[in-house]
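Raw coords37.tsv, TSV, N, CA and C atoms:
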chain	number	residue	atom	x	y	z
A	1	MET	N	-8.39	13.70	11.63
A	1	MET	CA	-6.96	13.74	11.89
A	1	MET	C	-6.26	12.82	10.88
A	2	SER	N	-5.19	13.32	10.29
A	2	SER	CA	-4.37	12.54	9.37
A	2	SER	C	-2.98	12.36	9.95
A	3	VAL	N	-2.44	11.14	9.82
A	3	VAL	CA	-1.11	10.84	10.35
A	3	VAL	C	-0.33	10.06	9.30
A	4	ALA	N	0.90	10.47	9.09
A	4	ALA	CA	1.82	9.72	8.23
A	4	ALA	C	3.09	9.48	9.02
A	5	GLU	N	3.75	8.38	8.70
A	5	GLU	CA	5.05	8.10	9.29
A	5	GLU	C	6.09	8.13	8.19
A	6	LEU	N	7.23	8.71	8.50
A	6	LEU	CA	8.36	8.77	7.58
A	6	LEU	C	9.36	7.70	8.00
A	7	TYR	N	9.68	6.80	7.08
A	7	TYR	CA	10.55	5.67	7.36
A	7	TYR	C	11.86	5.80	6.58
A	8	ARG	N	12.90	5.15	7.13
A	8	ARG	CA	14.13	5.00	6.36
A	8	ARG	C	14.70	3.61	6.62
A	9	ARG	N	15.39	3.12	5.60
A	9	ARG	CA	16.07	1.83	5.71
A	9	ARG	C	17.55	2.12	5.94
A	10	LEU	N	18.11	1.57	7.00
A	10	LEU	CA	19.51	1.80	7.34
A	10	LEU	C	20.40	1.09	6.32
A	11	PRO	N	21.42	1.79	5.81
A	11	PRO	CA	22.25	1.20	4.75
A	11	PRO	C	23.08	0.00	5.21
A	12	ASP	N	23.51	0.00	6.45
A	12	ASP	CA	24.38	-1.08	6.94
A	12	ASP	C	23.62	-2.39	7.19
A	13	SER	N	22.48	-2.28	7.85
A	13	SER	CA	21.76	-3.47	8.27
A	13	SER	C	20.49	-3.75	7.48
A	14	GLY	N	19.97	-2.76	6.79
A	14	GLY	CA	18.71	-2.93	6.08
A	14	GLY	C	17.51	-2.79	7.00
A	15	GLU	N	17.78	-2.55	8.28
A	15	GLU	CA	16.71	-2.38	9.26
A	15	GLU	C	15.91	-1.13	8.94
A	16	VAL	N	14.59	-1.20	9.16
A	16	VAL	CA	13.70	-0.07	8.91
A	16	VAL	C	13.42	0.63	10.24
A	17	GLU	N	13.51	1.96	10.22
A	17	GLU	CA	13.19	2.73	11.41
A	17	GLU	C	12.25	3.87	11.06
A	18	VAL	N	11.44	4.25	12.03
A	18	VAL	CA	10.54	5.39	11.88
A	18	VAL	C	11.33	6.64	12.24
A	19	LEU	N	11.44	7.56	11.28
A	19	LEU	CA	12.12	8.82	11.55
A	19	LEU	C	11.21	9.79	12.28
A	20	ALA	N	9.93	9.81	11.88
A	20	ALA	CA	9.02	10.80	12.45
A	20	ALA	C	7.58	10.45	12.13
A	21	ARG	N	6.70	11.06	12.90
A	21	ARG	CA	5.26	11.05	12.60
A	21	ARG	C	4.89	12.48	12.23
A	22	ILE	N	4.11	12.62	11.18
A	22	ILE	CA	3.64	13.93	10.75
A	22	ILE	C	2.13	13.92	10.93
A	23	ILE	N	1.64	14.84	11.72
A	23	ILE	CA	0.24	14.80	12.15
A	23	ILE	C	-0.47	16.09	11.81
A	24	ALA	N	-1.66	15.94	11.22
A	24	ALA	CA	-2.57	17.08	11.00
A	24	ALA	C	-3.78	16.83	11.88
A	25	ARG	N	-3.82	17.47	13.03
A	25	ARG	CA	-4.91	17.25	13.98
A	25	ARG	C	-6.18	17.98	13.56
A	26	ASP	N	-6.01	19.13	12.94
A	26	ASP	CA	-7.11	19.97	12.50
A	26	ASP	C	-7.02	20.08	10.98
A	27	PRO	N	-8.10	19.79	10.24
A	27	PRO	CA	-8.02	19.82	8.78
A	27	PRO	C	-7.63	21.20	8.22
A	28	TYR	N	-7.80	22.24	9.01
A	28	TYR	CA	-7.50	23.59	8.53
A	28	TYR	C	-6.24	24.20	9.15
A	29	GLY	N	-5.61	23.46	10.04
A	29	GLY	CA	-4.40	23.96	10.68
A	29	GLY	C	-3.16	23.30	10.10
A	30	PRO	N	-1.99	23.73	10.51
A	30	PRO	CA	-0.75	23.15	9.99
A	30	PRO	C	-0.50	21.75	10.56
A	31	ALA	N	0.29	20.98	9.84
A	31	ALA	CA	0.73	19.68	10.32
A	31	ALA	C	1.94	19.90	11.24
A	32	VAL	N	2.14	18.97	12.15
A	32	VAL	CA	3.27	19.05	13.07
A	32	VAL	C	4.10	17.78	12.97
A	33	ILE	N	5.35	17.90	13.32
A	33	ILE	CA	6.28	16.78	13.27
A	33	ILE	C	6.51	16.29	14.70
A	34	GLU	N	6.37	14.99	14.89
A	34	GLU	CA	6.75	14.36	16.15
A	34	GLU	C	7.96	13.49	15.85
A	35	ALA	N	9.09	13.85	16.45
A	35	ALA	CA	10.32	13.09	16.21
A	35	ALA	C	11.25	13.29	17.40
A	36	ASP	N	12.18	12.38	17.52
A	36	ASP	CA	13.23	12.53	18.52
A	36	ASP	C	13.92	13.87	18.25
A	37	PRO	N	14.17	14.67	19.27
A	37	PRO	CA	14.80	15.98	19.07
A	37	PRO	C	16.10	15.93	18.27
A	38	SER	N	16.84	14.84	18.40
A	38	SER	CA	18.10	14.74	17.67
A	38	SER	C	17.87	14.53	16.16
A	39	ARG	N	16.71	14.04	15.80
A	39	ARG	CA	16.38	13.81	14.39
A	39	ARG	C	15.56	14.93	13.77
A	40	LEU	N	15.02	15.79	14.60
A	40	LEU	CA	14.12	16.82	14.10
A	40	LEU	C	14.73	17.69	13.00
A	41	PRO	N	15.97	18.17	13.13
A	41	PRO	CA	16.53	18.98	12.04
A	41	PRO	C	16.60	18.23	10.71
A	42	LEU	N	16.94	16.95	10.75
A	42	LEU	CA	17.00	16.14	9.54
A	42	LEU	C	15.60	16.01	8.92
A	43	VAL	N	14.62	15.71	9.73
A	43	VAL	CA	13.25	15.54	9.24
A	43	VAL	C	12.72	16.86	8.66
A	44	GLU	N	12.98	17.95	9.35
A	44	GLU	CA	12.55	19.26	8.84
A	44	GLU	C	13.18	19.55	7.49
A	45	GLU	N	14.45	19.21	7.34
A	45	GLU	CA	15.13	19.42	6.06
A	45	GLU	C	14.52	18.56	4.96
A	46	ILE	N	14.25	17.30	5.27
A	46	ILE	CA	13.65	16.39	4.29
A	46	ILE	C	12.28	16.91	3.85
A	47	LEU	N	11.46	17.29	4.80
A	47	LEU	CA	10.10	17.73	4.49
A	47	LEU	C	10.03	19.13	3.89
A	48	SER	N	11.11	19.88	3.99
A	48	SER	CA	11.10	21.26	3.48
A	48	SER	C	10.94	21.33	1.96
A	49	ILE	N	11.19	20.21	1.26
A	49	ILE	CA	11.00	20.22	-0.19
A	49	ILE	C	9.53	20.19	-0.56
A	50	GLY	N	8.68	19.85	0.40
A	50	GLY	CA	7.25	19.84	0.17
A	50	GLY	C	6.77	18.53	-0.44
A	51	ALA	N	5.47	18.48	-0.67
A	51	ALA	CA	4.81	17.31	-1.27
A	51	ALA	C	4.04	17.79	-2.49
A	52	ALA	N	4.26	17.13	-3.60
A	52	ALA	CA	3.62	17.54	-4.85
A	52	ALA	C	2.17	17.09	-4.90
A	53	GLY	N	1.33	18.02	-5.34
A	53	GLY	CA	-0.09	17.71	-5.52
A	53	GLY	C	-0.45	17.77	-6.99
A	54	ALA	N	-1.72	17.82	-7.25
A	54	ALA	CA	-2.21	17.93	-8.63
A	54	ALA	C	-1.73	19.23	-9.25
A	55	SER	N	-1.55	19.21	-10.55
A	55	SER	CA	-1.12	20.40	-11.30
A	55	SER	C	0.22	20.93	-10.82
A	56	ASP	N	1.07	20.05	-10.33
A	56	ASP	CA	2.42	20.42	-9.89
A	56	ASP	C	2.45	21.45	-8.76
A	57	GLU	N	1.37	21.58	-8.02
A	57	GLU	CA	1.35	22.47	-6.87
A	57	GLU	C	2.09	21.78	-5.73
A	58	ILE	N	2.87	22.53	-4.98
A	58	ILE	CA	3.66	21.99	-3.87
A	58	ILE	C	3.00	22.40	-2.56
A	59	TYR	N	2.86	21.43	-1.66
A	59	TYR	CA	2.25	21.67	-0.35
A	59	TYR	C	3.32	21.49	0.73
A	60	TYR	N	3.13	22.21	1.83
A	60	TYR	CA	4.09	22.22	2.93
A	60	TYR	C	3.37	21.96	4.25
A	61	LEU	N	4.13	21.84	5.33
A	61	LEU	CA	3.55	21.60	6.66
A	61	LEU	C	2.39	22.54	6.95
A	62	GLU	N	2.50	23.78	6.52
A	62	GLU	CA	1.46	24.77	6.77
A	62	GLU	C	0.13	24.39	6.13
A	63	ASP	N	0.19	23.51	5.13
A	63	ASP	CA	-1.02	23.10	4.40
A	63	ASP	C	-1.72	21.92	5.07
A	64	GLY	N	-1.22	21.51	6.22
A	64	GLY	CA	-1.89	20.56	7.09
A	64	GLY	C	-2.26	19.22	6.47
A	65	GLU	N	-3.55	18.92	6.51
A	65	GLU	CA	-4.03	17.61	6.10
A	65	GLU	C	-3.69	17.27	4.66
A	66	THR	N	-3.76	18.23	3.77
A	66	THR	CA	-3.41	17.98	2.37
A	66	THR	C	-1.97	17.53	2.27
A	67	PHE	N	-1.07	18.20	2.98
A	67	PHE	CA	0.34	17.83	2.99
A	67	PHE	C	0.53	16.40	3.48
A	68	VAL	N	-0.09	16.06	4.59
A	68	VAL	CA	0.06	14.72	5.17
A	68	VAL	C	-0.46	13.67	4.19
A	69	GLN	N	-1.59	13.92	3.57
A	69	GLN	CA	-2.17	12.95	2.63
A	69	GLN	C	-1.29	12.73	1.40
A	70	LEU	N	-0.52	13.74	1.01
A	70	LEU	CA	0.33	13.64	-0.17
A	70	LEU	C	1.71	13.03	0.11
A	71	LEU	N	2.08	12.90	1.35
A	71	LEU	CA	3.42	12.40	1.69
A	71	LEU	C	3.73	11.03	1.07
A	72	PRO	N	2.82	10.04	1.12
A	72	PRO	CA	3.17	8.74	0.53
A	72	PRO	C	3.47	8.79	-0.97
A	73	SER	N	2.82	9.67	-1.70
A	73	SER	CA	3.10	9.75	-3.13
A	73	SER	C	4.35	10.57	-3.42
A	74	SER	N	4.74	11.42	-2.50
A	74	SER	CA	5.94	12.25	-2.69
A	74	SER	C	7.21	11.59	-2.18
A	75	PHE	N	7.08	10.75	-1.16
A	75	PHE	CA	8.23	10.04	-0.58
A	75	PHE	C	7.96	8.55	-0.71
A	76	ARG	N	8.53	7.94	-1.75
A	76	ARG	CA	8.25	6.53	-2.00
A	76	ARG	C	9.48	5.78	-2.52
A	77	GLY	N	10.63	6.09	-1.97
A	77	GLY	CA	11.86	5.42	-2.38
A	77	GLY	C	12.07	4.12	-1.63
A	78	GLU	N	13.13	3.44	-1.98
A	78	GLU	CA	13.47	2.19	-1.31
A	78	GLU	C	14.13	2.42	0.05
A	79	ARG	N	14.79	3.58	0.21
A	79	ARG	CA	15.48	3.85	1.47
A	79	ARG	C	14.80	4.92	2.31
A	80	LEU	N	13.89	5.69	1.70
A	80	LEU	CA	13.15	6.73	2.42
A	80	LEU	C	11.74	6.78	1.85
A	81	TRP	N	10.74	6.61	2.72
A	81	TRP	CA	9.36	6.64	2.25
A	81	TRP	C	8.43	7.04	3.37
A	82	ALA	N	7.19	7.36	2.98
A	82	ALA	CA	6.15	7.72	3.95
A	82	ALA	C	4.93	6.84	3.72
A	83	GLU	N	4.23	6.57	4.80
A	83	GLU	CA	2.99	5.80	4.75
A	83	GLU	C	1.97	6.47	5.67
A	84	LEU	N	0.70	6.46	5.23
A	84	LEU	CA	-0.36	6.93	6.10
A	84	LEU	C	-0.64	5.86	7.14
A	85	VAL	N	-0.92	6.27	8.35
A	85	VAL	CA	-1.26	5.34	9.43
A	85	VAL	C	-2.57	5.78	10.05
A	86	GLU	N	-3.21	4.85	10.70
A	86	GLU	CA	-4.50	5.18	11.31
A	86	GLU	C	-4.35	5.43	12.78
Take the structure from the file and write it as structure tokens.
Amino acid sequence: MSVAELYRRLPDSGEVEVLARIIARDPYGPAVIEADPSRLPLVEEILSIGAAGASDEIYYLEDGETFVQLLPSSFRGERLWAELVE
């Protein structure tokens, strides 16, 4: 099982909050998003751009574990980033 968390830094306070957890429970199945229902549309929109892999191939939620593993390298800004968690 692979799990990543998507974080954002709030512009007003600088406080860091977890937007969502992205989980691949089965290495061959799709990844799923766990988020507050009010944030789910935002997270889905953010993740819809995909995660870049080797050779400029783009991976999506449907690509499961590969997608989750690539999130930290694809989302690594100062205000929005992803980290793998155990």
Please report as CSV every residue of stretch 21-52 of chain A lying within 12 Å of stretch 71-84 of chain A, along with the nearest atom pair and their distance in Å (one decimal), using only C-alpha atoms.
residue,atom,partner,partner_atom,distance
A:Arg21,CA,A:Ala82,CA,9.3
A:Ile22,CA,A:Leu71,CA,9.2
A:Ile23,CA,A:Leu84,CA,9.9
A:Ala24,CA,A:Leu84,CA,11.5
A:Ala31,CA,A:Leu71,CA,11.6
A:Val43,CA,A:Leu80,CA,11.1
A:Ile46,CA,A:Phe75,CA,9.7
A:Leu47,CA,A:Leu71,CA,9.0
A:Ser48,CA,A:Leu71,CA,11.9
A:Ile49,CA,A:Ser74,CA,9.8
A:Gly50,CA,A:Ser74,CA,8.2
A:Ala51,CA,A:Ser74,CA,5.4
A:Ala52,CA,A:Ser74,CA,6.2
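Atom C of A:Gly64 is positioned 8.6 Å from atom CA of A:Val32.
Between A:Ala20 and the residues A:Leu70, A:Ile58, A:Leu42, A:Met1, the shortest atom-to-atom distance, using only C-alpha atoms, involves A:Leu42.
Minimum atom-to-atom distance to A:Val18, evaluated using all atoms listed in the file, belongs to A:Glu5 out of A:Glu86, A:Glu5, A:Asp63, A:Asp56.
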Completion exercise
What separates atom CA of A:Ala35 and atom C of A:Leu19 is a distance of 5.2 Å
Would you compute the box with edges along x, y and z of the file around stretch 53-56 of chain A, including every atom the file lists for it and 6 Å extra on each side, and give its centre and edge lengths in Å to one decimal, as AutoDock Vina command-line options?
--center_x 0.1 --center_y 19.6 --center_z -8.3 --size_x 16.7 --size_y 15.7 --size_z 18.0
As a PDB file with N, CA and C atoms, in the frame of the given file, which residues of chain A does DSSP assign to helix (DSSP H, G or I)?
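Once written, selection_26.pdb looks like this:
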ATOM      1  N   LEU A  40      15.020  15.790  14.600  1.00  0.00           N
ATOM      2  CA  LEU A  40      14.120  16.820  14.100  1.00  0.00           C
ATOM      3  C   LEU A  40      14.730  17.690  13.000  1.00  0.00           C
ATOM      4  N   PRO A  41      15.970  18.170  13.130  1.00  0.00           N
ATOM      5  CA  PRO A  41      16.530  18.980  12.040  1.00  0.00           C
ATOM      6  C   PRO A  41      16.600  18.230  10.710  1.00  0.00           C
ATOM      7  N   LEU A  42      16.940  16.950  10.750  1.00  0.00           N
ATOM      8  CA  LEU A  42      17.000  16.140   9.540  1.00  0.00           C
ATOM      9  C   LEU A  42      15.600  16.010   8.920  1.00  0.00           C
ATOM     10  N   VAL A  43      14.620  15.710   9.730  1.00  0.00           N
ATOM     11  CA  VAL A  43      13.250  15.540   9.240  1.00  0.00           C
ATOM     12  C   VAL A  43      12.720  16.860   8.660  1.00  0.00           C
ATOM     13  N   GLU A  44      12.980  17.950   9.350  1.00  0.00           N
ATOM     14  CA  GLU A  44      12.550  19.260   8.840  1.00  0.00           C
ATOM     15  C   GLU A  44      13.180  19.550   7.490  1.00  0.00           C
ATOM     16  N   GLU A  45      14.450  19.210   7.340  1.00  0.00           N
ATOM     17  CA  GLU A  45      15.130  19.420   6.060  1.00  0.00           C
ATOM     18  C   GLU A  45      14.520  18.560   4.960  1.00  0.00           C
ATOM     19  N   ILE A  46      14.250  17.300   5.270  1.00  0.00           N
ATOM     20  CA  ILE A  46      13.650  16.390   4.290  1.00  0.00           C
ATOM     21  C   ILE A  46      12.280  16.910   3.850  1.00  0.00           C
ATOM     22  N   LEU A  47      11.460  17.290   4.800  1.00  0.00           N
ATOM     23  CA  LEU A  47      10.100  17.730   4.490  1.00  0.00           C
ATOM     24  C   LEU A  47      10.030  19.130   3.890  1.00  0.00           C
ATOM     25  N   ALA A  54      -1.720  17.820  -7.250  1.00  0.00           N
ATOM     26  CA  ALA A  54      -2.210  17.930  -8.630  1.00  0.00           C
ATOM     27  C   ALA A  54      -1.730  19.230  -9.250  1.00  0.00           C
ATOM     28  N   SER A  55      -1.550  19.210 -10.550  1.00  0.00           N
ATOM     29  CA  SER A  55      -1.120  20.400 -11.300  1.00  0.00           C
ATOM     30  C   SER A  55       0.220  20.930 -10.820  1.00  0.00           C
ATOM     31  N   ASP A  56       1.070  20.050 -10.330  1.00  0.00           N
ATOM     32  CA  ASP A  56       2.420  20.420  -9.890  1.00  0.00           C
ATOM     33  C   ASP A  56       2.450  21.450  -8.760  1.00  0.00           C
ATOM     34  N   LEU A  61       4.130  21.840   5.330  1.00  0.00           N
ATOM     35  CA  LEU A  61       3.550  21.600   6.660  1.00  0.00           C
ATOM     36  C   LEU A  61       2.390  22.540   6.950  1.00  0.00           C
ATOM     37  N   GLU A  62       2.500  23.780   6.520  1.00  0.00           N
ATOM     38  CA  GLU A  62       1.460  24.770   6.770  1.00  0.00           C
ATOM     39  C   GLU A  62       0.130  24.390   6.130  1.00  0.00           C
ATOM     40  N   ASP A  63       0.190  23.510   5.130  1.00  0.00           N
ATOM     41  CA  ASP A  63      -1.020  23.100   4.400  1.00  0.00           C
ATOM     42  C   ASP A  63      -1.720  21.920   5.070  1.00  0.00           C
ATOM     43  N   GLU A  65      -3.550  18.920   6.510  1.00  0.00           N
ATOM     44  CA  GLU A  65      -4.030  17.610   6.100  1.00  0.00           C
ATOM     45  C   GLU A  65      -3.690  17.270   4.660  1.00  0.00           C
ATOM     46  N   THR A  66      -3.760  18.230   3.770  1.00  0.00           N
ATOM     47  CA  THR A  66      -3.410  17.980   2.370  1.00  0.00           C
ATOM     48  C   THR A  66      -1.970  17.530   2.270  1.00  0.00           C
ATOM     49  N   PHE A  67      -1.070  18.200   2.980  1.00  0.00           N
ATOM     50  CA  PHE A  67       0.340  17.830   2.990  1.00  0.00           C
ATOM     51  C   PHE A  67       0.530  16.400   3.480  1.00  0.00           C
ATOM     52  N   VAL A  68      -0.090  16.060   4.590  1.00  0.00           N
ATOM     53  CA  VAL A  68       0.060  14.720   5.170  1.00  0.00           C
ATOM     54  C   VAL A  68      -0.460  13.670   4.190  1.00  0.00           C
ATOM     55  N   GLN A  69      -1.590  13.920   3.570  1.00  0.00           N
ATOM     56  CA  GLN A  69      -2.170  12.950   2.630  1.00  0.00           C
ATOM     57  C   GLN A  69      -1.290  12.730   1.400  1.00  0.00           C
ATOM     58  N   LEU A  70      -0.520  13.740   1.010  1.00  0.00           N
ATOM     59  CA  LEU A  70       0.330  13.640  -0.170  1.00  0.00           C
ATOM     60  C   LEU A  70       1.710  13.030   0.110  1.00  0.00           C
ATOM     61  N   LEU A  71       2.080  12.900   1.350  1.00  0.00           N
ATOM     62  CA  LEU A  71       3.420  12.400   1.690  1.00  0.00           C
ATOM     63  C   LEU A  71       3.730  11.030   1.070  1.00  0.00           C
ATOM     64  N   PRO A  72       2.820  10.040   1.120  1.00  0.00           N
ATOM     65  CA  PRO A  72       3.170   8.740   0.530  1.00  0.00           C
ATOM     66  C   PRO A  72       3.470   8.790  -0.970  1.00  0.00           C
ATOM     67  N   SER A  73       2.820   9.670  -1.700  1.00  0.00           N
ATOM     68  CA  SER A  73       3.100   9.750  -3.130  1.00  0.00           C
ATOM     69  C   SER A  73       4.350  10.570  -3.420  1.00  0.00           C
ATOM     70  N   SER A  74       4.740  11.420  -2.500  1.00  0.00           N
ATOM     71  CA  SER A  74       5.940  12.250  -2.690  1.00  0.00           C
ATOM     72  C   SER A  74       7.210  11.590  -2.180  1.00  0.00           C
TER      73      SER A  74
END
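For the atom pair formed by atom N of A:Asp12 and atom C of A:Phe67, the distance is 28.4 Å, given to one decimal.
Remark: for A:Arg25, the closest of the candidate residues A:Val85, A:Ala54, A:Val3, A:Leu61 is A:Val3 (distances computed over only C-alpha atoms).
Nearest residue to A:Tyr60, choosing from A:Ser13, A:Pro30, A:Arg39, A:Ala4 and counting all atoms listed in the file: A:Pro30.
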Practice task
Would you please work out which residue, of A:Ser2, A:Ser55, A:Glu44, A:Arg9, is nearest to A:Pro27 when using all atoms listed in the file?
Solution key: A:Ser2
